[in-house]
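Below is the file run36.txt, which contains compact mmCIF, C-alpha atoms.
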# COMPACT_ATOMS: atom_id res chain seq x y z
CA MET A 45 19.17 70.91 57.27
CA THR A 46 22.04 70.90 54.87
CA THR A 47 21.98 72.00 51.32
CA ALA A 48 22.76 68.46 50.24
CA ALA A 49 19.73 67.04 51.97
CA PRO A 50 17.43 65.18 49.63
CA ALA A 51 14.07 66.74 49.08
CA HIS A 52 12.21 64.27 51.24
CA ASP A 53 14.28 65.38 54.21
CA LEU A 54 13.46 69.01 53.72
CA PRO A 55 11.25 70.64 56.28
CA ARG A 56 7.57 71.08 55.58
CA PRO A 57 7.78 74.64 54.17
CA ALA A 58 9.71 73.31 51.18
CA LEU A 59 6.69 71.19 50.31
CA ASP A 60 4.10 73.88 50.80
CA VAL A 61 1.16 72.96 48.62
CA GLY A 62 0.25 76.48 47.63
CA THR A 63 3.78 77.41 46.68
CA VAL A 64 4.34 74.30 44.64
CA PHE A 65 1.04 74.88 42.87
CA ARG A 66 1.52 78.55 42.10
CA GLU A 67 5.11 78.29 41.01
CA ASN A 68 4.47 75.43 38.66
CA LEU A 69 0.99 76.05 37.32
CA PRO A 70 2.04 78.25 34.38
CA PHE A 71 4.44 75.77 32.87
CA VAL A 72 2.26 72.77 33.67
CA PHE A 73 -0.60 74.44 31.83
CA ARG A 74 1.59 75.43 28.89
CA ALA A 75 3.27 72.06 28.58
CA LEU A 76 -0.02 70.20 28.72
CA ARG A 77 -1.48 72.29 25.93
CA ARG A 78 1.46 71.57 23.65
CA LEU A 79 1.42 67.92 24.65
CA GLY A 80 -2.01 67.69 23.11
CA ILE A 81 -4.45 68.42 25.90
CA ALA A 82 -7.52 70.12 24.49
CA GLU A 83 -8.37 73.55 25.82
CA SER A 84 -11.63 72.17 27.13
CA ASP A 85 -9.80 69.53 29.17
CA VAL A 86 -6.71 71.33 30.31
CA ASP A 87 -8.15 72.40 33.67
CA ASP A 88 -9.03 68.83 34.55
CA VAL A 89 -5.69 67.47 33.42
CA CYS A 90 -3.86 70.22 35.35
CA GLN A 91 -5.77 69.02 38.39
CA GLU A 92 -4.78 65.46 37.61
CA VAL A 93 -1.11 66.45 37.37
CA PHE A 94 -1.12 68.30 40.67
CA VAL A 95 -2.96 65.52 42.44
CA VAL A 96 -0.18 63.17 41.34
CA VAL A 97 2.49 65.72 42.26
CA MET A 98 1.11 66.18 45.75
CA ARG A 99 0.56 62.50 46.24
CA LYS A 100 4.09 61.61 45.20
CA LEU A 101 5.89 64.60 46.56
CA GLY A 102 7.06 62.58 49.50
CA GLU A 103 8.74 60.18 47.08
CA PHE A 104 10.58 62.92 45.25
CA GLU A 105 14.21 62.20 45.91
CA GLY A 106 15.73 65.42 44.75
CA ARG A 107 17.83 63.73 42.10
CA SER A 108 16.54 66.25 39.62
CA GLN A 109 15.01 69.65 39.99
CA LEU A 110 11.41 69.63 41.18
CA ARG A 111 10.46 71.31 37.91
CA THR A 112 12.02 68.52 35.88
CA TRP A 113 10.24 65.92 37.96
CA ILE A 114 6.90 67.67 37.42
CA TYR A 115 7.52 67.85 33.68
CA GLY A 116 7.90 64.09 33.72
CA ILE A 117 4.51 63.80 35.40
CA CYS A 118 3.02 66.14 32.80
CA VAL A 119 4.34 64.01 29.96
CA ARG A 120 3.01 60.78 31.43
CA THR A 121 -0.35 62.30 32.33
CA ALA A 122 -0.72 63.77 28.85
CA SER A 123 0.17 60.43 27.32
CA ASP A 124 -2.48 58.71 29.42
CA TYR A 125 -4.97 61.36 28.38
CA ARG A 126 -4.29 60.82 24.71
CA LYS A 127 -4.73 57.09 25.13
CA ARG A 128 -8.07 57.65 26.81
CA ALA A 129 -9.24 60.06 24.16
CA PRO A 130 -7.11 59.33 21.13
CA ARG A 131 -9.47 60.93 18.69
CA ARG A 132 -10.25 63.98 20.72
CA ARG A 133 -9.20 66.90 18.66
CA GLU A 134 -7.28 69.72 20.14
CA VAL A 135 -9.10 72.94 20.58
CA ILE A 136 -6.54 75.40 19.58
CA THR A 137 -7.19 78.59 21.43
CA ASP A 138 -9.71 80.76 23.11
CA GLU A 139 -8.03 83.87 21.94
CA PRO A 140 -9.55 86.01 19.26
CA PRO A 141 -7.54 86.32 16.12
CA GLU A 142 -5.06 89.10 16.12
CA GLY A 143 -4.87 91.96 13.74
CA VAL A 144 -7.01 92.67 10.78
CA VAL A 145 -9.23 90.10 9.23
CA SER A 146 -8.87 91.16 5.64
CA HIS A 147 -6.25 88.52 4.94
CA GLY A 148 -7.23 85.26 3.46
CA PRO A 149 -6.65 82.25 5.62
CA LEU A 150 -3.49 81.43 3.73
CA ASP A 151 -1.95 84.81 4.15
CA HIS A 152 0.54 85.62 6.84
CA ALA A 153 -0.31 83.85 10.03
CA THR A 154 -0.83 85.77 13.22
CA ALA A 155 0.99 84.58 16.30
CA SER A 156 -1.98 82.63 17.59
CA GLN A 157 -2.60 81.14 14.15
CA ALA A 158 1.04 80.12 13.97
CA ARG A 159 0.64 78.40 17.33
CA ASP A 160 -2.51 76.77 16.04
CA ILE A 161 -0.57 75.38 13.09
CA LEU A 162 2.26 74.32 15.38
CA ASP A 163 -0.22 72.33 17.46
CA ARG A 164 -1.41 70.56 14.35
CA ILE A 165 2.18 69.81 13.40
CA LEU A 166 2.94 68.50 16.88
CA SER A 167 -0.07 66.23 16.67
CA ARG A 168 1.72 64.49 13.79
CA LEU A 169 4.66 63.49 15.94
CA ASP A 170 4.71 60.33 17.96
CA ASP A 171 4.58 60.69 21.72
CA ASP A 172 8.31 60.32 22.38
CA LYS A 173 9.39 62.87 19.81
CA ARG A 174 6.64 65.27 20.73
CA ALA A 175 7.63 65.20 24.40
CA VAL A 176 11.28 65.92 23.65
CA PHE A 177 10.38 68.69 21.25
CA VAL A 178 7.99 70.35 23.69
CA LEU A 179 10.36 70.14 26.64
CA TYR A 180 13.37 71.41 24.71
CA GLU A 181 11.96 73.84 22.16
CA ILE A 182 9.04 75.29 24.10
CA GLU A 183 9.75 74.67 27.75
CA GLU A 184 13.44 75.27 27.06
CA LEU A 185 14.80 72.71 29.44
CA PRO A 186 18.42 71.77 28.90
CA MET A 187 18.77 68.41 27.26
CA ASN A 188 20.07 66.68 30.37
CA GLU A 189 16.85 67.69 32.16
CA VAL A 190 14.77 66.58 29.20
CA ALA A 191 16.38 63.18 29.46
CA GLN A 192 15.77 63.10 33.21
CA ALA A 193 12.12 64.09 32.84
CA LEU A 194 11.57 61.41 30.24
CA GLU A 195 13.70 58.86 32.06
CA CYS A 196 15.70 58.04 28.99
CA PRO A 197 19.41 58.17 28.17
CA LEU A 198 20.70 61.53 27.05
CA GLN A 199 21.69 60.19 23.65
CA THR A 200 18.19 58.85 23.15
CA ALA A 201 16.78 62.26 23.96
CA TYR A 202 19.12 63.84 21.42
CA SER A 203 18.09 61.32 18.77
CA ARG A 204 14.42 62.00 19.41
CA LEU A 205 14.97 65.73 19.28
CA HIS A 206 16.81 65.44 16.00
CA ALA A 207 14.02 63.37 14.48
CA ALA A 208 11.31 65.62 15.89
CA ARG A 209 12.94 68.78 14.60
CA LYS A 210 13.41 67.26 11.19
CA ARG A 211 9.73 66.35 10.97
CA VAL A 212 8.51 69.66 12.36
CA GLU A 213 10.67 71.59 9.93
CA GLU A 214 9.48 69.44 7.06
CA LEU A 215 5.87 70.09 7.92
CA ALA A 216 6.50 73.78 8.45
CA ARG A 217 8.23 74.00 5.07
CA GLU A 218 5.27 72.34 3.43
CA LEU A 219 3.18 75.20 4.72
CA ASP A 220 5.55 77.78 3.35
CA PRO A 221 4.52 78.14 -0.29
CA GLY A 222 2.91 81.47 -0.89
CA GLY A 223 4.30 82.86 2.29
CA TYR A 224 1.76 81.36 4.62
CA ALA A 225 4.36 80.12 6.98
CA SER A 226 6.86 82.84 6.40
CA MET B 228 21.12 75.67 27.80
CA SER B 229 23.93 73.22 28.32
CA SER B 230 27.02 73.84 26.26
CA GLY B 231 26.38 70.88 24.01
CA ASP B 232 22.73 71.59 23.38
CA PRO B 233 21.72 72.67 19.89
CA ILE B 234 20.48 76.18 19.20
CA ARG B 235 16.76 76.25 19.77
CA LEU B 236 14.45 76.78 16.84
CA ARG B 237 13.03 79.83 18.56
CA GLU B 238 16.40 81.41 17.87
CA GLY B 239 17.58 79.64 14.78
CA GLY B 240 14.47 78.31 13.05
CA SER B 241 12.35 79.70 10.24
CA SER B 242 10.38 82.84 10.84
CA PHE B 243 7.22 80.77 11.07
CA LEU B 244 8.68 78.47 13.70
CA LYS B 245 10.06 81.40 15.64
CA LYS B 246 6.65 83.00 15.68
CA ALA B 247 4.88 79.77 16.55
CA LEU B 248 7.29 78.85 19.31
CA GLU B 249 7.21 82.34 20.78
CA SER B 250 3.46 82.17 20.82
CA ALA B 251 3.51 78.71 22.36
CA ARG B 252 5.94 79.86 25.02
CA SER B 253 3.68 82.72 26.01
CA ASP B 254 0.63 80.49 26.26
CA VAL B 255 0.30 80.47 30.02
CA PRO B 256 -2.88 81.14 31.94
CA ASN B 257 -3.57 84.80 32.51
CA GLU B 258 -4.21 86.08 36.00
CA ASP B 259 -7.94 85.37 35.98
CA ARG B 260 -7.46 81.89 34.61
CA ALA B 261 -4.71 81.13 37.11
CA GLN B 262 -6.92 82.37 39.93
CA ALA B 263 -9.81 80.23 38.74
CA LEU B 264 -7.56 77.20 38.51
CA GLU B 265 -6.19 77.87 41.95
CA SER B 266 -9.67 78.12 43.42
CA LYS B 267 -10.65 74.93 41.70
CA ILE B 268 -7.59 72.78 42.25
CA LEU B 269 -5.77 73.98 45.31
CA PRO B 270 -8.44 72.94 47.79
CA LEU B 271 -8.20 69.45 46.39
CA LEU B 272 -4.53 69.08 47.02
CA LEU B 273 -3.27 67.39 50.06
CA PRO B 274 0.17 67.31 51.51
CA PRO B 275 1.89 64.10 50.54
CA ILE B 276 -0.31 61.15 51.24
CA PRO B 277 2.09 58.68 52.81
CA PRO B 278 1.04 55.22 51.73
CA ALA B 279 -0.37 54.75 48.29
CA PRO B 280 -3.91 53.49 48.51
CA PRO B 281 -4.55 50.07 47.10
CA PRO B 282 -5.34 50.12 43.41
CA LEU B 283 -8.95 50.64 42.65
CA GLY B 284 -10.67 48.27 40.37
CA ALA B 285 -12.89 49.52 37.63
CA GLY B 286 -16.05 50.89 39.08
CA ALA B 287 -14.82 50.43 42.57
CA ALA B 288 -14.31 54.07 43.31
CA GLY B 289 -17.80 54.57 44.54
CA ALA B 290 -17.58 51.57 46.80
CA VAL B 291 -14.27 52.26 48.34
CA LYS B 292 -14.37 53.43 51.85
CA ALA B 293 -11.45 55.67 52.09
CA GLY B 294 -11.65 57.01 55.54
CA THR B 295 -11.84 60.67 55.75
CA ALA B 296 -8.83 62.65 56.59
CA ALA B 297 -9.98 66.06 57.45
CA LEU B 298 -7.18 68.48 57.55
CA GLY B 299 -6.50 72.07 57.09
CA ALA B 300 -4.82 72.84 53.87
CA LYS B 301 -3.60 76.29 53.40
CA ALA B 302 -5.21 77.43 50.22
CA GLY B 303 -4.23 80.53 48.38
CA LEU B 304 -7.36 82.34 49.37
CA GLY B 305 -7.68 81.08 52.86
CA PHE B 306 -7.73 77.93 54.83
CA ALA B 307 -9.55 75.13 53.21
CA LYS B 308 -10.92 72.34 55.22
CA VAL B 309 -10.42 69.44 52.94
CA THR B 310 -12.08 66.18 53.63
CA MET B 311 -11.17 62.93 51.99
CA LEU B 312 -9.53 63.68 48.80
CA ALA B 313 -7.26 60.71 48.71
CA ILE B 314 -10.04 58.85 47.01
CA ALA B 315 -10.20 61.50 44.37
CA ALA B 316 -6.51 61.16 43.80
CA ALA B 317 -6.76 57.42 43.69
CA ALA B 318 -9.63 57.53 41.28
CA VAL B 319 -7.76 59.91 39.05
CA LEU B 320 -4.75 57.69 39.12
CA ALA B 321 -6.89 54.70 38.40
CA GLY B 322 -7.61 56.26 35.06
CA ALA B 323 -11.16 57.27 35.66
CA GLY B 324 -10.81 59.63 32.79
CA VAL B 325 -10.68 63.31 32.22
CA GLY B 326 -13.67 64.95 33.70
CA ALA B 327 -14.79 61.73 35.27
CA ILE B 328 -14.08 62.71 38.80
CA VAL B 329 -16.66 64.76 40.52
CA VAL B 330 -15.86 66.34 43.76
CA SER B 331 -19.08 67.74 44.96
CA THR B 332 -18.56 70.26 47.63
CA SER B 333 -21.11 71.31 50.10
CA SER B 334 -19.49 74.30 51.51
CA SER B 335 -19.85 74.86 55.18
CA ALA B 336 -19.03 78.46 54.54
CA PRO B 337 -20.85 79.46 51.44
CA ALA B 338 -19.69 83.01 51.70
CA ALA B 339 -16.14 81.93 51.02
CA PRO B 340 -15.70 81.32 47.34
CA SER B 341 -12.11 80.49 47.92
CA GLY B 342 -12.98 76.90 48.24
CA ILE B 343 -13.79 76.05 51.79
CA VAL B 344 -14.63 72.50 51.14
CA SER B 345 -16.41 70.21 53.43
CA ALA B 346 -17.21 66.58 52.98
CA PRO B 347 -16.61 66.24 49.31
CA VAL B 348 -18.52 63.47 47.71
CA VAL B 349 -16.66 61.68 45.03
CA SER B 350 -18.57 60.13 42.27
CA SER B 351 -17.26 58.08 39.44
CA SER B 352 -20.04 59.20 37.18
CA PRO B 353 -18.88 61.10 34.20
CA VAL B 354 -19.78 64.71 34.45
CA VAL B 355 -18.71 65.78 31.09
CA ALA B 356 -19.97 63.89 28.14
CA PRO B 357 -17.07 62.96 25.97
CA GLU B 358 -16.47 65.56 23.38
CA PRO B 359 -17.45 64.17 20.05
CA SER B 360 -14.49 62.91 18.21
CA LEU B 361 -13.67 65.40 15.59
CA ALA B 362 -11.46 64.83 12.73
CA LEU B 363 -10.70 66.31 9.50
CA VAL B 364 -12.75 64.84 6.75
CA PRO B 365 -14.50 66.07 3.67
CA LEU B 366 -17.61 67.98 4.39
CA PRO B 367 -20.53 66.83 2.35
CA GLN B 368 -22.34 69.44 0.36
CA VAL B 369 -24.56 71.18 2.80
CA SER B 370 -28.20 71.61 2.19
CA ALA B 371 -29.54 75.05 1.62
CA ALA B 372 -31.92 74.54 4.50
CA PRO B 373 -30.59 76.76 7.24
CA SER B 374 -32.63 75.10 9.92
CA ILE B 375 -30.47 72.01 9.99
CA ALA B 376 -28.67 71.83 13.28
CA PRO B 377 -24.93 71.96 12.83
CA LYS B 378 -23.13 68.73 13.41
CA PRO B 379 -19.47 68.32 14.05
CA ILE B 380 -17.34 67.09 11.27
CA ALA B 381 -17.43 63.34 11.28
CA LYS B 382 -14.58 61.01 11.95
CA PRO B 383 -12.72 59.89 8.87
CA SER B 384 -12.30 56.29 8.07
CA ALA B 385 -9.04 54.94 9.35
CA SER B 386 -8.30 53.66 5.90
CA VAL B 387 -8.36 57.04 4.26
CA GLU B 388 -5.21 57.54 2.25
CA GLU B 389 -4.06 61.09 1.89
CA ALA B 390 -2.37 62.63 -1.09
CA ASP B 391 1.13 64.00 -0.94
CA PRO B 392 1.06 66.39 2.02
CA ALA B 393 3.66 68.59 0.40
CA LEU B 394 1.06 69.58 -2.19
CA GLU B 395 -1.64 70.48 0.32
CA PRO B 396 -0.80 74.18 0.70
CA ALA B 397 -0.49 74.62 -3.07
CA LEU B 398 -3.96 73.25 -3.65
CA LEU B 399 -5.47 75.58 -1.12
CA ARG B 400 -3.48 78.46 -2.52
CA GLN B 401 -5.11 77.75 -5.90
CA ALA B 402 -8.50 77.73 -4.20
CA GLN B 403 -7.82 81.02 -2.52
CA ASP B 404 -6.54 82.60 -5.71
CA ALA B 405 -9.67 81.48 -7.52
CA LEU B 406 -11.91 83.22 -5.01
CA ARG B 407 -11.62 86.58 -6.75
CA SER B 408 -12.46 85.55 -10.26
CA ASN B 409 -14.18 82.21 -9.99
CA PRO B 410 -15.64 81.32 -6.60
CA SER B 411 -17.24 78.24 -8.08
CA ASP B 412 -13.81 76.96 -9.01
CA ALA B 413 -12.57 77.90 -5.56
CA LEU B 414 -15.32 75.82 -4.01
CA ALA B 415 -14.45 72.91 -6.29
CA LYS B 416 -10.85 73.17 -5.18
CA THR B 417 -11.89 73.00 -1.55
CA GLN B 418 -13.90 69.91 -2.32
CA GLU B 419 -10.85 68.41 -3.99
CA HIS B 420 -8.85 69.27 -0.91
CA ALA B 421 -11.42 67.60 1.30
CA ARG B 422 -11.16 64.43 -0.73
CA LYS B 423 -7.40 64.39 -0.85
CA TYR B 424 -6.60 65.63 2.64
CA PRO B 425 -9.30 64.55 5.07
CA ARG B 426 -6.78 64.90 7.87
CA GLY B 427 -4.87 67.77 6.34
CA LEU B 428 -3.12 70.43 8.31
CA LEU B 429 -5.13 73.14 6.64
CA VAL B 430 -8.66 71.90 7.06
CA GLN B 431 -9.73 75.03 8.90
CA GLU B 432 -8.31 77.22 6.17
CA ARG B 433 -10.12 75.12 3.56
CA GLU B 434 -13.39 75.66 5.33
CA VAL B 435 -12.89 79.41 5.46
CA ILE B 436 -12.26 79.49 1.72
CA ALA B 437 -15.31 77.34 1.07
CA ILE B 438 -17.49 79.60 3.19
CA GLU B 439 -16.21 82.67 1.38
CA ALA B 440 -16.84 81.00 -1.97
CA LEU B 441 -20.40 80.18 -1.01
CA VAL B 442 -21.00 83.76 0.11
CA LYS B 443 -19.64 85.09 -3.16
CA MET B 444 -21.84 82.70 -5.10
CA GLY B 445 -24.88 84.00 -3.27
CA ARG B 446 -25.43 80.74 -1.40
CA LYS B 447 -25.58 82.37 1.99
CA PRO B 448 -27.71 79.74 3.76
CA GLU B 449 -25.17 77.10 2.81
CA ALA B 450 -22.36 79.35 3.94
CA GLU B 451 -24.10 79.88 7.27
CA ALA B 452 -24.71 76.17 7.73
CA ARG B 453 -21.11 75.43 6.93
CA ALA B 454 -19.97 78.15 9.30
CA ALA B 455 -22.09 76.63 12.06
CA ARG B 456 -20.46 73.30 11.48
CA PHE B 457 -17.08 74.94 11.53
CA GLU B 458 -17.84 76.58 14.86
CA LYS B 459 -18.95 73.28 16.31
CA SER B 460 -15.92 71.44 15.00
CA PHE B 461 -13.34 74.09 15.80
CA PRO B 462 -14.53 76.04 18.80
CA GLY B 463 -12.27 78.95 19.56
CA SER B 464 -10.66 78.85 16.14
CA THR B 465 -8.55 81.79 15.21
CA HIS B 466 -10.60 82.03 12.01
CA ALA B 467 -13.92 82.60 13.76
CA ARG B 468 -13.81 86.35 13.44
CA ARG B 469 -13.05 86.18 9.75
CA ILE B 470 -15.99 83.86 9.20
CA ASP B 471 -18.25 86.23 11.09
CA ALA B 472 -17.05 89.05 8.86
CA LEU B 473 -17.71 87.02 5.73
CA LEU B 474 -21.24 86.21 6.79
CA ALA B 475 -21.92 89.81 7.72
CA LYS B 476 -21.35 90.92 4.13
Encoded form using structure tokens:
Amino acid sequence: MTTAAPAHDLPRPALDVGTVFRENLPFVFRALRRLGIAESDVDDVCQEVFVVVMRKLGEFEGRSQLRTWIYGICVRTASDYRKRAPRRREVITDEPPEGVVSHGPLDHATASQARDILDRILSRLDDDKRAVFVLYEIEELPMNEVAQALECPLQTAYSRLHAARKRVEELARELDPGGYAS
Amino acid sequence: MSSGDPIRLREGGSSFLKKALESARSDVPNEDRAQALESKILPLLLPPIPPAPPPLGAGAAGAVKAGTAALGAKAGLGFAKVTMLAIAAAAVLAGAGVGAIVVSTSSSAPAAPSGIVSAPVVSSSPVVAPEPSLALVPLPQVSAAPSIAPKPIAKPSASVEEADPALEPALLRQAQDALRSNPSDALAKTQEHARKYPRGLLVQEREVIAIEALVKMGRKPEAEARAARFEKSFPGSTHARRIDALLAK
């Protein structure tokens, strides 16, 4: 094998099911949650993503990183999910609230409450902007990989990110009076 | 980050966004959850299935004879004998729906919880009833009768017009401020919020204020009923503990 060999020419160990699963599960799980998959459904949708990944792994051409390719599958699977269950609300977290409970609900948000609010803000974005925002701001992919994952021109990805950030910041600012979002 | 990429909000955003994005970034399954997912999913995964199966028509999943392809798949906890999972993949891809694929396993080695799977039977029957659609709408005044079973918050009409979202936090801030001196007014403010912002971003916070107001007004059964509805509508909410504390007073 040569280092330039496309992924489909790689020997079997490179496509080891267990390795692909374990290395990618954390970010698949995280991305799906922020892409709007309810906590109660995330296990099933993770399964759906990995079934697609394993089924199509032979078609993966190595033009992008495997991770980027899987992110693309996550985005499309999450989009399909939302179309199937457009009204399904997102269960925010299983975690107990952090810290003391003497604050009112509009006082300083804990980390998990801030994430809860972020999820609600993300639910206000359209699919394209949400995907760019999640991949860049949370998954921290470079923009060229974001564009690859979403199969769109780089400039389009930048435009979507700009619009998404503007909207997210607007919504976050709206929550700021009284220090709730500070 | 590529050289031309903008600074991420986690580094250059508001303190709220930094906190929220940090929290989102750390939201990965813990070890137990990852292990459970691995046990559940890994046995179902096949090495690449060469030719894509023909598309399944609606309802055809149960009728499709997808010949079994028994093979050994190295699972994280051992070797899993996986039988015919291509149909599961096909059914998933055919959009059978979340939770609609059942892979019944009759383990030939029951002592191995790691997922030794034999002859899975794939059914297209839904296993999980669709979660009731929940949305953020005004809660009607609850009855004082505590025996009423909690119901999730109903779906708002699509035609509901919301007030200026920029004013939503201010209204709830007024409600919260009123809690100390005038819980009745606080409750009225939450009702105003419910009318104006049925899909507001702060519906959970509104409900917490309303529950606290009811407790302070001595209307505990109503507070409990409202709390039960909250729990049903927002399972796992970060406000659950606070509500419990309010009701314990």
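Here atom CA of A:Phe65 and atom CA of A:Met187 stand 24.5 Å from one another.
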Open item on the list: Quick check, in Å to one decimal: how far apart do atom CA of A:Leu162 and atom CA of A:Val212 lie?
Closed with: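 Going from atom CA of A:Leu162 over to atom CA of A:Val212 covers 8.4 Å.
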Task: Nearest residue to chain A from the set B:Leu406, B:Ala390, B:Val435, B:Leu474 (distances using all atoms listed in the file) - done: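 Selected residue with least distance to chain A: B:Val435.
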TODO: Would you mind telling me which residue in B:Gly445, B:Ala263, B:Glu389, B:Leu428 lies nearest to chain A when using all atoms listed in the file?
DONE: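 Comparing B:Gly445, B:Ala263, B:Glu389, B:Leu428 against chain A, the winner is B:Leu428.
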- [ ] Find, counting all atoms listed in the file, the residue in B:Ala437, B:Ala467, B:Leu429, B:Leu269 that gets nearest to B:Ala415.
- [x]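 Closest candidate: B:Ala437.
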Open item on the list: Restricting the calculation to all atoms listed in the file: of B:Asp232, B:Glu439, B:Glu434, B:Asp259, which residue gets closest to chain A?
Closed with: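 Checking each of B:Asp232, B:Glu439, B:Glu434, B:Asp259 against chain A, counting all atoms listed in the file, the winner is B:Asp232.
A straight line drawn from atom CA of B:Leu473 to atom CA of A:Ile165 is 27.4 Å long.
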Find the spatial neighbours of A:Glu181, counting only C-alpha atoms, within a cut-off of 10 Å - ignore same-chain residues fewer than 5 positions away - and output them as a PDB file with C-alpha atoms, in the frame of the given file.
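Contents of out21.pdb, freshly written:
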ATOM      1  CA  ALA A 175       7.630  65.200  24.400  1.00  0.00           C
ATOM      2  CA  VAL A 176      11.280  65.920  23.650  1.00  0.00           C
ATOM      3  CA  PRO A 186      18.420  71.770  28.900  1.00  0.00           C
ATOM      4  CA  LEU A 205      14.970  65.730  19.280  1.00  0.00           C
ATOM      5  CA  ARG A 209      12.940  68.780  14.600  1.00  0.00           C
TER       6      ARG A 209
ATOM      7  CA  ILE B 234      20.480  76.180  19.200  1.00  0.00           C
ATOM      8  CA  ARG B 235      16.760  76.250  19.770  1.00  0.00           C
ATOM      9  CA  LEU B 236      14.450  76.780  16.840  1.00  0.00           C
ATOM     10  CA  ARG B 237      13.030  79.830  18.560  1.00  0.00           C
ATOM     11  CA  GLU B 238      16.400  81.410  17.870  1.00  0.00           C
ATOM     12  CA  LEU B 248       7.290  78.850  19.310  1.00  0.00           C
ATOM     13  CA  GLU B 249       7.210  82.340  20.780  1.00  0.00           C
ATOM     14  CA  ALA B 251       3.510  78.710  22.360  1.00  0.00           C
ATOM     15  CA  ARG B 252       5.940  79.860  25.020  1.00  0.00           C
TER      16      ARG B 252
END
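These residues, each with an atom at most 10 Å from (12.5, 74.6, 28.9) using only C-alpha atoms, are A:Phe71, A:Ala75, A:Arg111, A:Thr112, A:Tyr115, A:Phe177, A:Val178, A:Leu179, A:Tyr180, A:Glu181, A:Ile182, A:Glu183, A:Glu184, A:Leu185, A:Pro186, A:Met187, A:Glu189, A:Val190, B:Met228, B:Arg252.
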Open item on the list: With only C-alpha atoms as the counted atoms, please give the residues lying no more than 7 Å from A:Ala155, apart from itself and same-chain residues fewer than 6 positions off, as a PyMOL selection string.
Closed with: chain B and resi 246-247+250
- [ ] Have a look at A:Gly80, A:Gly116, A:Pro197, A:Gly102 and name the one nearest to chain B; count all atoms listed in the file.
- [x]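 Nearest candidate to chain B out of A:Gly80, A:Gly116, A:Pro197, A:Gly102: A:Gly102.
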